[in-house]
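Heads up: the structure comes next, in C-alpha cells.
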Amino acid sequence: MNGIFSRQNLGNKKKSGLWAMPVGVSLAISLCVSLCFWGCTQKHADDKVSVFYGFEKDDVKTWDPANAYDSVSLDLLPSVVETLYQYSYLSDIYQLEPLLASSMPKYSADRLTLTIPIKKGIFFQNDPCFKESKGKGRELKAQDFIYGFKRLALPSLQSQGWWILDGKVVGVNDYHDKLTKASKEDLPKIFAQEVEGMKALDDYTLQFKLVKPDPQFIFVLAMNFTSPVPMEAVAAYGDEQGNVLEHPIGTGPFVLTKWEHNHEIILDKNPNFREELYPASAAAVYQKVGMTEDASKRLPFLDRIVMTVMKESQPQWLNFMKGNADIIALPKDNFKQAITDQVNLSPELVKKGIRLNIGTGAIIRYISFNMKDKLIGSNKYLRQALSAAIDRDKWMSIFTNGTGKTMVNAVPPGILDRPKTAKIKYDFNLAQAKELLKKAGYPNGQGLPPIKFDLRGASTTDRQLGDFFEQQFEQIGVKTEVIPNTFPAYLEKAKEGNLQVSFGGWSMDYPDAENIYQLLYGPNISPGPGEANYENPTFDKLYSQMAVLESGPRRAAIIQKMDDILQEDCPWALGYYEASYDLSQPWFMNYRSSDIILNKYKYYRIGKEIKKRYLTER
C-alpha cells in the first residue's frame, strides 16, 4: 500500500532526532511543534468550511466493522458506517429508533423471528471498488447486511463481534464450524452458503431467526459489528490480509480521506449522504441548554473532522486552551486548575466561555486477571490477595481527582436488575491481603515470580498508573513487572490471550447488565471480548438463563447469584465507575456526553462567528 494509507516505518529513526533527546527536551519540542502546527492549521482554515478539531489518545486500530471494538476505533467508525438502529440523540433515556431500517422489528408470536424492512434509496459512499458504476456508490441492499454478519464467522478475521451471533442465531454455529474446517479452496463456496437464521427475503427485507428469545438482540442491531459491508470493498481491498480495515466503505455522513498513522485522521462530509434531519424534539434537559436550535435541519453540519493522535495529555491541554481543539477530556493533572468544588469551572475558564460537561457514563475500570495464565488463573487466593492490596480510594483520588465511585459490583448504577451487592468482598485490607497471599502459598511474596502488569498505553499517566500498582502490590511483598504498550498492541495481546494481569476498562455497548457479564461468559474468551478468559460452568449456566429473560425480579435474582460468584472467584479486581469531565469551547454546539451513542459527529456544529470572536479575544 502507498499514499495516505501507507503505514509509517519509524524503526530506523530511533537513533536520531527526538528519539535521542532527553525526555524533557523532546516533550518541550513536541509541544512547540504541535502548537505551531495546530495554529497554522487553524489560521489557514477556510471560513466557509465547518471543521471539527479533536484528539485521539492513540492510533485507530481498525476501520473494519468486524473487529472494531476499542474506544479509539469506535470514536470515528460509526460516522462512516451505519447500523439498522441508533439511539435517539436528544432523549433522556437510551431509546432505539430506526436508522437504516425503515421501522422497528416485527416479532413473531413466539419472539423467535424478527423481520426488518430496510430503507430504500440509501447509497454507499463513492469508491473505486464499485467498478460497475465507475466509482459511484451503489444502493444499499439487505444482502449487504447478511454479508457483514457472515464475515463475523470467518475464522481468519477472529472477529471481536462473533459473540453477538454465537449460540443466538439459528444455524450460525454450524456455519462457523464449516468455515473453520474448510480448506482454503473450499472456503469461498462455504462462505456463500445460506445461513438458516439470517436471510435477505428480498432487497429490502431482513429476517433473523433466534435459537431462543433474546430481549437484548435488538440492542446488538445498533452495534457497528452489524454494519452492512459491500462485497465489492472486500474484493477490491482484500479480506484475508485485513486490508479492508484501511478502506471503510459505508453509508454514513462522513468518509475517511486521510489516515496518517500515529499522527492525523481526516474525515470529510460524504457527498453521497441521504437527507437526514436533526431531531425535532428533545427531552427537557436538552431543551434547557439550547440543543433544539437546529431542529429539523439537515445533517451533518460539519464539512470535515480533523483528529490528531496526541498521546500525552499536556499537549492536548495547551492546544485546547489556545482554541486549537473543540473539546477535550479534562486531564487529571489539570483538574484542580479547571474545577472548583468538583462541579464548577474556574473563573478563568468561565471568562473564556468554556463549558463543563459531566457524564455519569457507563464506563467501568478494573484489574483483569487472565484465567488462562498458569500462575494467576490457577490460584484464587492470589487473585483475592491482589484485590485486597488495592487502595481504591487512593487510586480514585490520584487518577480521577476523587470523581470516580467505587465499583461495588460489576454493573454501573442506573442499569435495570443491578445486583444489590454494596461492598467489594475483597476490598482494601492489607492484613487480609497478606493472609490470603500466605494461603496462596507465597507468604510475604516468597517464591512468587514478578507479576506481569500490562498497561493500555505508554503515556505519562499510564506510567504513573503502573508505578501506583507496583507500589500497591509491593506492600504485601509482590513484585511487579509493568509493561507499557501502544493501545493497538495492548488490544492484540488481549485478543491473543497473552496478558497476565492488566488494567481493564469497559464502556457499555448497550444499557443492559448482559453487556457487562458477557465479558466473563465462557464462550466469549479470547479472541472474543473476554480478556480475563474466565470459564465457570455455574456462572455460564446462570448467564444463559439471564440472557433470555425480560427485566424483572427473576432476572435480578439470577444476576445477584452471578455477582456472588464473581466476588468470590475474582477474575477481576473491581475498581471504579468512571465519571467523565469534558471541556468544550463556546463555539462547539450540540454536544451531549454519552458512552453509548457513538454516531455523534453528525449532530455537532461549529458556530464560526462565535469562534472568530472568542479567538480574537484570546
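Quick note on naming: the chains in the C-alpha cells go A, B, ... in the order shown, residues restart at 1 in each chain, and ligands are numbered from 1 in order of appearance.
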
List every residue of range 489-534 of chain A that DSSP, applied to the backbone, labels as alpha helix (DSSP H), and write the result as a count of residues only. 12

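The list of residues with at least one atom within 10 Å of range 87-95 of chain A, based on only C-alpha atoms and without residues fewer than 3 positions apart in the same chain, reads Pro98, Leu99, Phe219, Ala222, Tyr278, Pro279, Ala280, Ser281, Ala282, Ala283, Ala284, Val285, Tyr286, Gln287, Met291, Thr292, Tyr510, Pro511, Asn590, Tyr591, Arg592, Ser594, Ile596, Ile597, Leu598, Asn599, Lys600 and Tyr603 of chain A.
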
Do a neighbour search on Lys269 in chain A at 8 Å with only C-alpha atoms, toss out local chain neighbours closer than 3 positions, and write the hits as a short mmCIF file (atom, residue, chain, number, x, y, z; two decimals) with N, CA and C atoms, in the first residue's frame.
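Saved to part.cif:
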data_model
loop_
_atom_site.label_atom_id
_atom_site.label_comp_id
_atom_site.auth_asym_id
_atom_site.auth_seq_id
_atom_site.Cartn_x
_atom_site.Cartn_y
_atom_site.Cartn_z
N PRO A 253 -22.49 9.65 7.20
CA PRO A 253 -22.37 11.05 6.80
C PRO A 253 -20.95 11.50 6.48
N PHE A 254 -19.94 10.68 6.83
CA PHE A 254 -18.55 11.05 6.59
C PHE A 254 -17.79 9.92 5.91
N VAL A 255 -16.71 10.31 5.22
CA VAL A 255 -15.83 9.33 4.57
C VAL A 255 -14.40 9.57 5.06
N PRO A 300 -25.08 16.17 7.90
CA PRO A 300 -24.36 16.70 9.05
C PRO A 300 -24.07 18.19 8.87
N LEU A 302 -21.05 19.48 9.99
CA LEU A 302 -19.61 19.59 9.77
C LEU A 302 -19.24 19.23 8.34
N ASP A 303 -18.26 19.94 7.80
CA ASP A 303 -17.70 19.58 6.50
C ASP A 303 -16.50 18.66 6.65
N ARG A 304 -15.84 18.76 7.79
CA ARG A 304 -14.61 17.99 7.98
C ARG A 304 -14.37 17.72 9.46
#

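With only C-alpha atoms as the atoms that count, the residue of A:Phe145, A:Phe335, A:Trp162, A:Phe453 with the shortest distance to Thr400 in chain A is A:Phe335.
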
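Distance annotation: of A:Gly414, A:Gly54, A:Pro449, A:Pro228, the residue with the minimal separation from Leu267 in chain A is A:Gly54; atom set is only C-alpha atoms.
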
Can you pull out every residue within 8 Å of Leu430 in chain A, counting only C-alpha atoms, but drop anything in the same chain fewer than 4 positions away, and send it as a list in words? Ala388, Ala389, Lys434, Gln475 and Ile476 of chain A

Which residues of range 345-392 of chain A come within 9 Å of range 546-569 of chain A, and for each one, what is the closest pair of atoms and their distance in Å to one decimal, counting only C-alpha atoms, sorted by chain and residue number, as JSON lines?
{"residue": "A:Lys380", "atom": "CA", "partner": "A:Asp569", "partner_atom": "CA", "distance": 6.2}
{"residue": "A:Tyr381", "atom": "CA", "partner": "A:Asp569", "partner_atom": "CA", "distance": 8.8}
{"residue": "A:Arg383", "atom": "CA", "partner": "A:Asp569", "partner_atom": "CA", "distance": 8.1}
{"residue": "A:Gln384", "atom": "CA", "partner": "A:Asp569", "partner_atom": "CA", "distance": 7.8}

Name all residues at most 8 Å from range 486-494 of chain A (count only C-alpha atoms; drop same-chain ones fewer than 3 positions away) and give them as a PyMOL selection string. chain A and resi 58-61+70+454-458+497-499+526-527+531

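Checking A:Ser79, A:Thr421, A:Thr115, A:Gln446 one by one against Tyr601 in chain A, counting only C-alpha atoms, you find the shortest gap at A:Ser79.
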
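Counting from CA of Lys297 in chain A, the distance to CA of Lys48 in chain A is 18.0 Å.
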
Please indicate the distance in Å from CA of Lys420 in chain A to CA of Ile363 in chain A, rounded to one decimal place. 18.8 Å

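For the pair CA of Met589 in chain A and CA of Tyr614 in chain A, the separation is 14.4 Å.
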
Using DSSP assignments from the backbone, pull out every residue in range 523-580 of chain A that falls under strand (DSSP E or B) and give it to me as a PyMOL selection string. chain A and resi 525+530+572-577+580

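Distances from A:Leu277, A:Ile164, A:Ala579, A:Leu465 to Leu519 in chain A were compared using only C-alpha atoms, and the smallest one belongs to A:Ile164.
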
Proximity to Asn536 in chain A - best of A:Pro117, A:Gly377, A:Met407, A:Asn485, only C-alpha atoms: A:Gly377

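For the set A:Val51, A:Ala153, A:Glu470, A:Pro213, the residue with the smallest atom-to-atom gap to Tyr107 in chain A is A:Pro213, counting only C-alpha atoms.
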
Distance query Glu481 in chain A at most 12 Å, only C-alpha atoms, self and fewer than 5 positions along chain excluded, as a ChimeraX atom specification: /A:449-455,463,466-467,469-471,473-474,500-502

All residues 12 Å or closer to Thr616 in chain A, only C-alpha atoms, same chain fewer than 2 positions away omitted, as a PyMOL selection string: chain A and resi 43+322-323+352+609-614+618
